[in-house]
Amino acid sequence: MKTILLFIGLSWVGWEAWLPSAHPTRLPAFKSESVADSGKVIYDTYCLSCHQANGAGVPRLNPPLAKTDWVLGDKTRLIGVLLNGLDEEVEINGETYANAMPAHNFLTDKQIADVLTFVRTNFGNQASAVMPEEVKEVRSKKK
Amino acid sequence: MKKTTLFSALIGLSLAAPVSFSTDTPPARKPRPDADNGGLTLPQGFGAVVVSEGVGKARHTVVAPNGDVYVKLDRLENGKGIVRLQDTNNDGKADSTTTFGTFKGTGIAIANGYLYASSDTSVYRYSMKNGVVDESSQPQTIVTGLTLQRQHASKSIALDDAGKLYVNFGAPSNSCQEKDRTKGSNGQDPCPILENYGGIWQFDANKQNQRQSDGMRYATGIRNAVALDWNPATKQLYALQHGRDMLATLYPEMYTDAQSAELPSEEFLLVKKGADFGWPYCYFDGQQDKKILAPEFGGDGKKQDRCAGKDRPILAFPGHWAPNDLLFYTGGTGAANSFPAKYKNGAFICFHGSWNRAPLKQGGYFVAFVPMGKDGKPSGKYEVFAEGFAGGPEIMSPGDAKARPVGLAQGTDGSLYITDSVKGKVWRIMHGK
């Protein structure tokens with residue numbers, strides 16, 4: 001079922017945008033080795049409903065992921081948000097948001113690295129990649 | 001929530017006593033609608049004028065007997081949380097905008113000769129003289145000391161005609177999981193949140209400094225009822241529930257994105273004393289037409305189990321449309337702007353618009369009308385009454401919406417006022433030429 005879900009995720013952005021071939025064939029999502037691709041699949045599956053396809057979030061509820069100091073700033077803090085979640089009144093680019101960000105510690109180090117790399121290089125963001133080793137380190141310290 | 005009629009009738013009577021009935025009501029001359037109806041699409045025969053282009057982060061609204069429009073803000077503007085709009089020359093446009101009240105929040109209503117307004121932790125009221133709010137007076141605190149919660153904090157209010165105040169205590173949770181909105185986290189059974197949230201509490205509308213424990217839990221199993229109103233025609237309380245989110249994100253093996261966009265239904269509730277609508281254990285599936293056991297509590301999308309006995313909605317809407325206000329239309333006393341007979345005692349519902357239908361396109365972002373029968377239940381299907389707020393036929397993400405309807409009020413002349421949460425635009429809808 002997960003594969004089917006990922007398939008749905010893929011079809012939303014349109015295959016053409018994704019694959020080099022002009023006549024896309026239905027490759028399983030996991031076939032793609034690229035970090036950005038796997039990051040996008042994870043984003044679509046776990047983050048999109050709250051932060052939206054364009055990363056703009058939902059006014060008053062879920063913050064944007066475009067050019068926030070959380071996304072672009074300290075990677076340890078950023079990785080921490082994914083591992084532990086966040087549900088307190090914090091300012092994100094001058095606004096506060098009422099919803100709860102759930103912990104995503106069920107994702108692997110690589111999945112978290114990939115989705116954060118995807119976020120840091122999309123929605124107008126241009127920041128360095130997050131490495132699985134960095135996630136691993138933050139995870140081990142939290143224990 | 002916004003009943004000015006009874007009160008204004010009284011004022012009208014007491015002031016105008018021997019001479020004529022209408023000296024205190026606003027002039028019968030009607031403002032002219034804007035050429036483009038303020039960007040809205042309305043049924044034949046209706047027009048809209050933009051009262052204000054933007055008052056701030058607007059929530060609910062109410063119109064005083066003298067025609068002044070009050071809008072509650074949930075972000076302070078220059079330190080103030082209530083806006084008063086005055087239209088002195090009766091062209092429909094506010095020519096004076098003033099602010100007062102140092103608290104932000106959602107609820108606002110007029111009853112018993114007071115303007116009631118809520119923050120997320122209190123309910124206050126301002127005294128009124130001859131239908132005019134005494135803004136400089138210190139407000140009385142009616143309910144106080146409520147826990148400041150993050151999610152679903154809006155303390156929507158409604159008042160009946162017997163001195164009772166009803167307050168929404170939204171659940172600070174999606175579905176009462178051990179860890180909110182977290183994949184793999186089980187539902188808490190029994191859900192401890194229900195003791196103080198997830199329902200509507202009744203208070204004495206005239207007693208000061210009540211705590212939550214002084215109130216009575218009037219109904220339970222309601223996740224969040226931003227839309228709450230007393231229907232004077234049937235003398236009953238009504239609400240709309242915001243259904244739970246994230247069925248597909250949390251349970252991809254049970255729900256497709258398409259199902260998760262439609263489910264659960266947003267529920268129109270007739271809230272009788274002691275009612276239990278089932279949250280968090282149950283949600284309403286409009287297609288199966290029954291309450292279904294939530295997956296956090298062992299549900300599989302079909303099983304009913306303990307949900308079979310829960311109270312049902314009187315009408316179900318598609319998922320996630322976010323009903324944020326409800327108004328029972330009583331018609332105008334001055335009659336200058338009264339809507340046609342079919343609207344009398346019917347319900348207007350404001351759909352703020354969805355976010356949790358993504359990746360599918362969003363829904364809501366309009367004001368619906370539901371005709372109501374004498375039995376207090378809908379007598380027909382809902383109709384789209386006002387649309388075009390968002391500024392495009394398809395909204396993929398709420399951040400793209402130019403405006404989102406959030407509050408409704410009836411003017412003494414029968415006009416319908418609508419507020420918007422993006423910039424705080426205010427429209428006045430009128431009938432006739």
# chains A, B, ... in the order shown; residues from 1 in each chain; ligands from 1
>>> residues_around(residues="Glu394 (chain B)", least_positions_apart="6", cutoff="9 Å", atoms="only C-alpha atoms", output="PyMOL selection string")
chain B and resi 361-363
>>> residues_around(residues="Leu250 (chain B)", least_positions_apart="5", cutoff="12 Å", atoms="only C-alpha atoms", output="VMD selection string")
(chain A and resid 2 45 to 47 49 102 104) or (chain B and resid 174 to 175 177 179 to 186 244 to 245 255 to 257 260 294 to 296)
>>> write_last_selection(atoms="N, CA and C atoms", output="PDB file, in the first residue's frame")
ATOM      1  N   LYS A   2       1.973   1.164   0.704  1.00  0.00           N
ATOM      2  CA  LYS A   2       2.850   2.347   0.736  1.00  0.00           C
ATOM      3  C   LYS A   2       3.292   2.720  -0.678  1.00  0.00           C
ATOM      4  N   THR A  45       4.676  12.660   1.277  1.00  0.00           N
ATOM      5  CA  THR A  45       3.980  11.676   2.109  1.00  0.00           C
ATOM      6  C   THR A  45       3.721  12.200   3.514  1.00  0.00           C
ATOM      7  N   TYR A  46       4.685  12.864   4.110  1.00  0.00           N
ATOM      8  CA  TYR A  46       4.583  13.191   5.542  1.00  0.00           C
ATOM      9  C   TYR A  46       4.440  14.675   5.871  1.00  0.00           C
ATOM     10  N   CYS A  47       4.813  15.553   4.975  1.00  0.00           N
ATOM     11  CA  CYS A  47       4.861  16.978   5.335  1.00  0.00           C
ATOM     12  C   CYS A  47       3.860  17.822   4.565  1.00  0.00           C
ATOM     13  N   SER A  49       0.736  17.789   3.686  1.00  0.00           N
ATOM     14  CA  SER A  49      -0.619  18.156   4.112  1.00  0.00           C
ATOM     15  C   SER A  49      -0.568  19.385   5.007  1.00  0.00           C
ATOM     16  N   PRO A 102       4.313  17.200  14.611  1.00  0.00           N
ATOM     17  CA  PRO A 102       4.578  15.889  15.211  1.00  0.00           C
ATOM     18  C   PRO A 102       6.039  15.464  15.038  1.00  0.00           C
ATOM     19  N   HIS A 104       8.947  13.101  13.938  1.00  0.00           N
ATOM     20  CA  HIS A 104       9.082  12.177  12.801  1.00  0.00           C
ATOM     21  C   HIS A 104      10.281  11.260  13.013  1.00  0.00           C
TER      22      HIS A 104
ATOM     23  N   ASN B 174      -5.825  16.638  17.689  1.00  0.00           N
ATOM     24  CA  ASN B 174      -6.518  16.215  16.476  1.00  0.00           C
ATOM     25  C   ASN B 174      -7.474  15.065  16.760  1.00  0.00           C
ATOM     26  N   SER B 175      -6.950  14.007  17.402  1.00  0.00           N
ATOM     27  CA  SER B 175      -7.778  12.827  17.627  1.00  0.00           C
ATOM     28  C   SER B 175      -7.421  12.139  18.950  1.00  0.00           C
ATOM     29  N   GLN B 177      -4.641  11.298  20.307  1.00  0.00           N
ATOM     30  CA  GLN B 177      -3.558  10.305  20.350  1.00  0.00           C
ATOM     31  C   GLN B 177      -2.670  10.587  21.554  1.00  0.00           C
ATOM     32  N   LYS B 179       0.470  10.886  21.400  1.00  0.00           N
ATOM     33  CA  LYS B 179       1.257  11.993  20.840  1.00  0.00           C
ATOM     34  C   LYS B 179       0.491  12.548  19.646  1.00  0.00           C
ATOM     35  N   ASP B 180       0.067  13.793  19.816  1.00  0.00           N
ATOM     36  CA  ASP B 180      -0.818  14.418  18.840  1.00  0.00           C
ATOM     37  C   ASP B 180      -0.252  14.368  17.418  1.00  0.00           C
ATOM     38  N   ARG B 181      -1.080  13.944  16.498  1.00  0.00           N
ATOM     39  CA  ARG B 181      -0.784  13.960  15.053  1.00  0.00           C
ATOM     40  C   ARG B 181       0.450  13.139  14.678  1.00  0.00           C
ATOM     41  N   THR B 182       0.838  12.226  15.551  1.00  0.00           N
ATOM     42  CA  THR B 182       2.064  11.480  15.303  1.00  0.00           C
ATOM     43  C   THR B 182       1.739  10.084  14.802  1.00  0.00           C
ATOM     44  N   LYS B 183       2.348   9.753  13.673  1.00  0.00           N
ATOM     45  CA  LYS B 183       2.121   8.450  13.059  1.00  0.00           C
ATOM     46  C   LYS B 183       2.506   7.337  14.021  1.00  0.00           C
ATOM     47  N   GLY B 184       1.618   6.359  14.157  1.00  0.00           N
ATOM     48  CA  GLY B 184       1.915   5.214  15.002  1.00  0.00           C
ATOM     49  C   GLY B 184       1.527   5.397  16.463  1.00  0.00           C
ATOM     50  N   SER B 185       1.066   6.588  16.841  1.00  0.00           N
ATOM     51  CA  SER B 185       0.696   6.826  18.235  1.00  0.00           C
ATOM     52  C   SER B 185      -0.782   6.475  18.447  1.00  0.00           C
ATOM     53  N   ASN B 186      -1.052   5.687  19.505  1.00  0.00           N
ATOM     54  CA  ASN B 186      -2.420   5.216  19.739  1.00  0.00           C
ATOM     55  C   ASN B 186      -3.330   6.292  20.324  1.00  0.00           C
ATOM     56  N   ARG B 244     -11.861  15.863  12.289  1.00  0.00           N
ATOM     57  CA  ARG B 244     -10.438  15.595  12.474  1.00  0.00           C
ATOM     58  C   ARG B 244      -9.682  15.597  11.142  1.00  0.00           C
ATOM     59  N   ASP B 245      -8.366  15.771  11.242  1.00  0.00           N
ATOM     60  CA  ASP B 245      -7.505  15.848  10.059  1.00  0.00           C
ATOM     61  C   ASP B 245      -6.735  14.543   9.853  1.00  0.00           C
ATOM     62  N   TYR B 255      -6.609   4.747   4.120  1.00  0.00           N
ATOM     63  CA  TYR B 255      -7.263   5.846   3.417  1.00  0.00           C
ATOM     64  C   TYR B 255      -6.379   6.374   2.290  1.00  0.00           C
ATOM     65  N   THR B 256      -6.985   6.577   1.111  1.00  0.00           N
ATOM     66  CA  THR B 256      -6.266   7.243   0.031  1.00  0.00           C
ATOM     67  C   THR B 256      -6.318   8.750   0.271  1.00  0.00           C
ATOM     68  N   ASP B 257      -5.506   9.481  -0.446  1.00  0.00           N
ATOM     69  CA  ASP B 257      -5.557  10.939  -0.342  1.00  0.00           C
ATOM     70  C   ASP B 257      -6.948  11.454  -0.703  1.00  0.00           C
ATOM     71  N   SER B 260      -9.262  10.823   2.181  1.00  0.00           N
ATOM     72  CA  SER B 260      -8.882  11.670   3.304  1.00  0.00           C
ATOM     73  C   SER B 260      -9.268  13.130   3.084  1.00  0.00           C
ATOM     74  N   ALA B 294     -12.928   5.673  14.848  1.00  0.00           N
ATOM     75  CA  ALA B 294     -11.682   6.267  14.352  1.00  0.00           C
ATOM     76  C   ALA B 294     -10.553   5.244  14.398  1.00  0.00           C
ATOM     77  N   PRO B 295      -9.619   5.330  13.440  1.00  0.00           N
ATOM     78  CA  PRO B 295      -8.549   4.328  13.384  1.00  0.00           C
ATOM     79  C   PRO B 295      -7.668   4.314  14.638  1.00  0.00           C
ATOM     80  N   GLU B 296      -7.546   5.428  15.308  1.00  0.00           N
ATOM     81  CA  GLU B 296      -6.752   5.471  16.553  1.00  0.00           C
ATOM     82  C   GLU B 296      -7.359   4.574  17.630  1.00  0.00           C
TER      83      GLU B 296
END
>>> closest_atom_pairs(of="chain B", to="chain A", cutoff="10 Å", atoms="only C-alpha atoms", output="JSON lines")
{"residue": "B:Asp74", "atom": "CA", "partner": "A:Arg60", "partner_atom": "CA", "distance": 9.9}
{"residue": "B:Gln149", "atom": "CA", "partner": "A:Ala98", "partner_atom": "CA", "distance": 8.7}
{"residue": "B:Arg150", "atom": "CA", "partner": "A:Ala98", "partner_atom": "CA", "distance": 4.9}
{"residue": "B:Gln151", "atom": "CA", "partner": "A:Ala98", "partner_atom": "CA", "distance": 5.0}
{"residue": "B:His152", "atom": "CA", "partner": "A:Ala98", "partner_atom": "CA", "distance": 7.7}
{"residue": "B:Ala153", "atom": "CA", "partner": "A:Ala98", "partner_atom": "CA", "distance": 8.4}
{"residue": "B:Pro172", "atom": "CA", "partner": "A:Asn99", "partner_atom": "CA", "distance": 8.9}
{"residue": "B:Ser173", "atom": "CA", "partner": "A:Ala100", "partner_atom": "CA", "distance": 8.4}
{"residue": "B:Asn174", "atom": "CA", "partner": "A:Ala100", "partner_atom": "CA", "distance": 9.2}
{"residue": "B:Lys179", "atom": "CA", "partner": "A:Pro102", "partner_atom": "CA", "distance": 7.6}
{"residue": "B:Asp180", "atom": "CA", "partner": "A:Pro102", "partner_atom": "CA", "distance": 6.7}
{"residue": "B:Arg181", "atom": "CA", "partner": "A:Pro102", "partner_atom": "CA", "distance": 5.7}
{"residue": "B:Thr182", "atom": "CA", "partner": "A:Pro102", "partner_atom": "CA", "distance": 5.1}
{"residue": "B:Lys183", "atom": "CA", "partner": "A:His104", "partner_atom": "CA", "distance": 7.9}
{"residue": "B:Gly184", "atom": "CA", "partner": "A:Phe106", "partner_atom": "CA", "distance": 8.8}
{"residue": "B:Asp245", "atom": "CA", "partner": "A:Ser49", "partner_atom": "CA", "distance": 9.4}
{"residue": "B:Met246", "atom": "CA", "partner": "A:Ser49", "partner_atom": "CA", "distance": 7.6}
{"residue": "B:Ala248", "atom": "CA", "partner": "A:Thr45", "partner_atom": "CA", "distance": 9.1}
{"residue": "B:Thr249", "atom": "CA", "partner": "A:Tyr46", "partner_atom": "CA", "distance": 6.2}
{"residue": "B:Leu250", "atom": "CA", "partner": "A:Tyr46", "partner_atom": "CA", "distance": 8.6}
{"residue": "B:Pro252", "atom": "CA", "partner": "A:Leu5", "partner_atom": "CA", "distance": 6.9}
{"residue": "B:Glu253", "atom": "CA", "partner": "A:Met1", "partner_atom": "CA", "distance": 5.6}
{"residue": "B:Met254", "atom": "CA", "partner": "A:Met1", "partner_atom": "CA", "distance": 8.7}
{"residue": "B:Tyr255", "atom": "CA", "partner": "A:Leu5", "partner_atom": "CA", "distance": 9.4}
{"residue": "B:Thr256", "atom": "CA", "partner": "A:Leu5", "partner_atom": "CA", "distance": 7.2}
{"residue": "B:Asp257", "atom": "CA", "partner": "A:Ile8", "partner_atom": "CA", "distance": 8.0}
{"residue": "B:Ala258", "atom": "CA", "partner": "A:Ile8", "partner_atom": "CA", "distance": 9.8}
{"residue": "B:Ser354", "atom": "CA", "partner": "A:Val58", "partner_atom": "CA", "distance": 9.5}
{"residue": "B:Trp355", "atom": "CA", "partner": "A:Val58", "partner_atom": "CA", "distance": 6.9}
{"residue": "B:Asn356", "atom": "CA", "partner": "A:Ser49", "partner_atom": "CA", "distance": 5.7}
{"residue": "B:Arg357", "atom": "CA", "partner": "A:Ser49", "partner_atom": "CA", "distance": 7.4}
{"residue": "B:Ala358", "atom": "CA", "partner": "A:Ser49", "partner_atom": "CA", "distance": 5.3}
{"residue": "B:Pro359", "atom": "CA", "partner": "A:Ser49", "partner_atom": "CA", "distance": 6.7}
{"residue": "B:Leu360", "atom": "CA", "partner": "A:Trp12", "partner_atom": "CA", "distance": 8.5}
{"residue": "B:Met396", "atom": "CA", "partner": "A:Ala53", "partner_atom": "CA", "distance": 8.3}
{"residue": "B:Ser397", "atom": "CA", "partner": "A:Gln52", "partner_atom": "CA", "distance": 6.5}
{"residue": "B:Pro398", "atom": "CA", "partner": "A:Val58", "partner_atom": "CA", "distance": 6.1}
{"residue": "B:Gly399", "atom": "CA", "partner": "A:Val58", "partner_atom": "CA", "distance": 6.0}
{"residue": "B:Asp400", "atom": "CA", "partner": "A:Ala56", "partner_atom": "CA", "distance": 9.0}
{"residue": "B:Ser421", "atom": "CA", "partner": "A:Pro59", "partner_atom": "CA", "distance": 9.5}
{"residue": "B:Val422", "atom": "CA", "partner": "A:Pro59", "partner_atom": "CA", "distance": 8.5}
>>> residues_around(residues="Gly298 (chain B)", least_positions_apart="2", cutoff="12 Å", atoms="only C-alpha atoms", output="list in words")
Asn186, Gly187, Gln188, Asp189, Tyr251, Met254, Pro280, Tyr281, Cys282, Ile292, Leu293, Ala294, Pro295, Glu296, Asp300, Gly301, Lys302, Lys303, Gln304, Asp305, Arg306 and Cys307 of chain B
>>> write_last_selection(atoms="N, CA, C and O atoms", output="short mmCIF file (atom, residue, chain, number, x, y, z; two decimals), in the first residue's frame")
data_model
loop_
_atom_site.label_atom_id
_atom_site.label_comp_id
_atom_site.auth_asym_id
_atom_site.auth_seq_id
_atom_site.Cartn_x
_atom_site.Cartn_y
_atom_site.Cartn_z
N ASN B 186 -1.05 5.69 19.50
CA ASN B 186 -2.42 5.22 19.74
C ASN B 186 -3.33 6.29 20.32
O ASN B 186 -2.86 7.27 20.89
N GLY B 187 -4.63 6.04 20.22
CA GLY B 187 -5.60 6.92 20.86
C GLY B 187 -5.63 6.67 22.36
O GLY B 187 -5.41 5.54 22.81
N GLN B 188 -5.84 7.71 23.15
CA GLN B 188 -5.97 7.57 24.59
C GLN B 188 -7.42 7.19 24.89
O GLN B 188 -8.32 7.93 24.55
N ASP B 189 -7.59 6.08 25.56
CA ASP B 189 -8.93 5.53 25.75
C ASP B 189 -9.12 5.15 27.23
O ASP B 189 -8.51 4.17 27.67
N TYR B 251 -2.79 7.12 8.45
CA TYR B 251 -3.18 5.74 8.12
C TYR B 251 -3.22 5.51 6.61
O TYR B 251 -4.29 5.24 6.05
N MET B 254 -5.09 2.61 5.10
CA MET B 254 -6.56 2.55 5.16
C MET B 254 -7.26 3.59 4.30
O MET B 254 -8.38 3.40 3.86
N PRO B 280 -13.22 11.82 20.51
CA PRO B 280 -12.33 11.49 19.39
C PRO B 280 -12.54 10.07 18.86
O PRO B 280 -11.85 9.67 17.94
N TYR B 281 -13.44 9.35 19.49
CA TYR B 281 -13.59 7.92 19.15
C TYR B 281 -14.23 7.71 17.78
O TYR B 281 -14.00 6.70 17.13
N CYS B 282 -15.05 8.69 17.38
CA CYS B 282 -15.86 8.49 16.18
C CYS B 282 -15.76 9.70 15.26
O CYS B 282 -15.54 10.81 15.72
N ILE B 292 -18.37 6.48 12.33
CA ILE B 292 -17.42 5.39 12.14
C ILE B 292 -16.37 5.45 13.24
O ILE B 292 -15.97 6.54 13.66
N LEU B 293 -15.93 4.29 13.69
CA LEU B 293 -14.88 4.21 14.70
C LEU B 293 -13.57 4.75 14.12
O LEU B 293 -13.13 4.31 13.05
N ALA B 294 -12.93 5.67 14.85
CA ALA B 294 -11.68 6.27 14.35
C ALA B 294 -10.55 5.24 14.40
O ALA B 294 -10.51 4.40 15.30
N PRO B 295 -9.62 5.33 13.44
CA PRO B 295 -8.55 4.33 13.38
C PRO B 295 -7.67 4.31 14.64
O PRO B 295 -7.13 3.26 15.00
N GLU B 296 -7.55 5.43 15.31
CA GLU B 296 -6.75 5.47 16.55
C GLU B 296 -7.36 4.57 17.63
O GLU B 296 -6.70 4.22 18.60
N ASP B 300 -11.48 0.64 11.20
CA ASP B 300 -10.90 0.24 9.92
C ASP B 300 -11.56 0.99 8.77
O ASP B 300 -11.46 0.59 7.62
N GLY B 301 -12.25 2.07 9.10
CA GLY B 301 -12.92 2.83 8.05
C GLY B 301 -14.35 2.38 7.82
O GLY B 301 -15.11 3.03 7.11
N LYS B 302 -14.75 1.24 8.41
CA LYS B 302 -16.11 0.74 8.24
C LYS B 302 -16.81 0.43 9.56
O LYS B 302 -18.00 0.65 9.72
N LYS B 303 -16.03 -0.10 10.50
CA LYS B 303 -16.59 -0.50 11.79
C LYS B 303 -17.25 0.66 12.51
O LYS B 303 -16.74 1.77 12.50
N GLN B 304 -18.36 0.36 13.17
CA GLN B 304 -19.04 1.39 13.96
C GLN B 304 -18.80 1.21 15.46
O GLN B 304 -18.53 2.16 16.18
N ASP B 305 -18.97 -0.01 15.92
CA ASP B 305 -18.81 -0.32 17.35
C ASP B 305 -19.53 0.68 18.24
O ASP B 305 -20.69 0.94 18.08
N ARG B 306 -18.80 1.28 19.17
CA ARG B 306 -19.41 2.18 20.14
C ARG B 306 -19.96 3.46 19.52
O ARG B 306 -20.63 4.25 20.19
N CYS B 307 -19.68 3.66 18.24
CA CYS B 307 -20.13 4.89 17.61
C CYS B 307 -21.59 4.83 17.17
O CYS B 307 -22.18 5.87 16.83
#
>>> atom_distance(atom1="CA of Val83 (chain B)", atom2="CA of Asp325 (chain B)")
18.1 Å
>>> atom_distance(atom1="CA of Gly414 (chain B)", atom2="CA of Ile429 (chain B)")
9.1 Å
>>> residues_around(residues="Ser140 (chain A)", least_positions_apart="3", cutoff="12 Å", atoms="only C-alpha atoms", output="MDAnalysis selection string")
chainID A and resid 76 79:80 83 105 109 133:137 143
>>> write_last_selection(atoms="all heavy atoms", output="tab-separated table (two decimals), in the first residue's frame")
chain	number	residue	atom	x	y	z
A	76	THR	N	21.41	21.63	13.64
A	76	THR	CA	21.08	20.80	14.80
A	76	THR	C	19.66	21.10	15.28
A	76	THR	O	18.88	20.19	15.57
A	76	THR	CB	22.08	21.06	15.95
A	76	THR	OG1	23.40	20.88	15.43
A	76	THR	CG2	21.85	20.12	17.10
A	79	ILE	N	17.19	19.65	12.63
A	79	ILE	CA	17.05	18.19	12.73
A	79	ILE	C	16.24	17.85	13.99
A	79	ILE	O	15.38	16.97	13.97
A	79	ILE	CB	18.44	17.52	12.77
A	79	ILE	CG1	19.15	17.73	11.42
A	79	ILE	CG2	18.32	16.03	13.08
A	79	ILE	CD1	20.65	17.42	11.45
A	80	GLY	N	16.49	18.61	15.06
A	80	GLY	CA	15.74	18.42	16.30
A	80	GLY	C	14.25	18.58	16.13
A	80	GLY	O	13.45	17.84	16.72
A	83	LEU	N	13.03	15.34	14.66
A	83	LEU	CA	13.12	14.17	15.56
A	83	LEU	C	12.17	14.28	16.74
A	83	LEU	O	11.58	13.29	17.17
A	83	LEU	CB	14.56	14.03	16.07
A	83	LEU	CG	15.59	13.56	15.05
A	83	LEU	CD1	16.99	13.57	15.67
A	83	LEU	CD2	15.26	12.16	14.53
A	105	ASN	N	10.47	10.81	14.25
A	105	ASN	CA	11.64	9.98	14.54
A	105	ASN	C	11.51	8.56	14.01
A	105	ASN	O	12.44	7.77	14.13
A	105	ASN	CB	11.97	10.01	16.05
A	105	ASN	CG	10.77	9.65	16.89
A	105	ASN	OD1	9.73	9.27	16.34
A	105	ASN	ND2	10.90	9.76	18.19
A	109	ASP	N	17.65	7.98	9.38
A	109	ASP	CA	18.58	9.10	9.27
A	109	ASP	C	18.63	9.60	7.84
A	109	ASP	O	18.62	10.80	7.58
A	109	ASP	CB	19.99	8.68	9.72
A	109	ASP	CG	20.04	8.35	11.21
A	109	ASP	OD1	19.09	8.74	11.94
A	109	ASP	OD2	21.00	7.70	11.65
A	133	GLU	N	24.72	11.43	8.49
A	133	GLU	CA	25.59	11.38	9.68
A	133	GLU	C	25.21	12.47	10.67
A	133	GLU	O	25.27	12.27	11.89
A	133	GLU	CB	27.07	11.55	9.29
A	133	GLU	CG	27.64	10.46	8.39
A	133	GLU	CD	27.10	10.52	6.96
A	133	GLU	OE1	26.97	11.65	6.43
A	133	GLU	OE2	26.77	9.45	6.40
A	134	GLU	N	24.81	13.64	10.13
A	134	GLU	CA	24.43	14.74	11.01
A	134	GLU	C	23.15	14.38	11.78
A	134	GLU	O	23.00	14.69	12.96
A	134	GLU	CB	24.21	16.02	10.20
A	134	GLU	CG	25.48	16.54	9.54
A	134	GLU	CD	25.22	17.72	8.61
A	134	GLU	OE1	24.69	17.51	7.50
A	134	GLU	OE2	25.53	18.85	9.01
A	135	VAL	N	22.22	13.73	11.08
A	135	VAL	CA	20.97	13.32	11.74
A	135	VAL	C	21.30	12.29	12.82
A	135	VAL	O	20.80	12.36	13.94
A	135	VAL	CB	19.98	12.72	10.72
A	135	VAL	CG1	18.71	12.28	11.42
A	135	VAL	CG2	19.67	13.72	9.61
A	136	LYS	N	22.18	11.37	12.46
A	136	LYS	CA	22.56	10.31	13.39
A	136	LYS	C	23.13	10.89	14.68
A	136	LYS	O	22.79	10.47	15.79
A	136	LYS	CB	23.61	9.41	12.72
A	136	LYS	CG	23.90	8.14	13.50
A	136	LYS	CD	24.84	7.25	12.71
A	136	LYS	CE	25.21	6.05	13.57
A	136	LYS	NZ	26.33	5.31	13.03
A	137	GLU	N	23.96	11.91	14.51
A	137	GLU	CA	24.60	12.52	15.68
A	137	GLU	C	23.56	13.19	16.60
A	137	GLU	O	23.57	13.00	17.81
A	137	GLU	CB	25.64	13.53	15.22
A	137	GLU	CG	26.71	13.76	16.26
A	137	GLU	CD	27.63	14.91	15.88
A	137	GLU	OE1	27.99	15.00	14.68
A	137	GLU	OE2	27.95	15.71	16.76
A	143	LYS	N	19.13	10.92	22.96
A	143	LYS	CA	18.80	9.74	23.75
A	143	LYS	C	19.16	9.92	25.21
A	143	LYS	O	20.14	10.54	25.56
A	143	LYS	CB	19.53	8.52	23.16
A	143	LYS	CG	18.82	7.97	21.93
A	143	LYS	CD	17.65	7.04	22.30
A	143	LYS	CE	16.49	7.12	21.33
A	143	LYS	NZ	16.74	6.65	20.01
>>> select_by_dssp(residues="region 131-302 of chain B", states="strand (DSSP E)", output="number ranges by chain")
B: 132-133, 140-143, 157-159, 164-169, 199-204, 216-220, 227-231, 236-241, 266-271, 275-276, 282-285, 290-293
>>> residues_around(residues="region 113-122 of chain B", least_positions_apart="4", cutoff="7 Å", atoms="only C-alpha atoms", output="NGL selection string")
:B and (103-109 or 126-128 or 133 or 143-148 or 153-155)
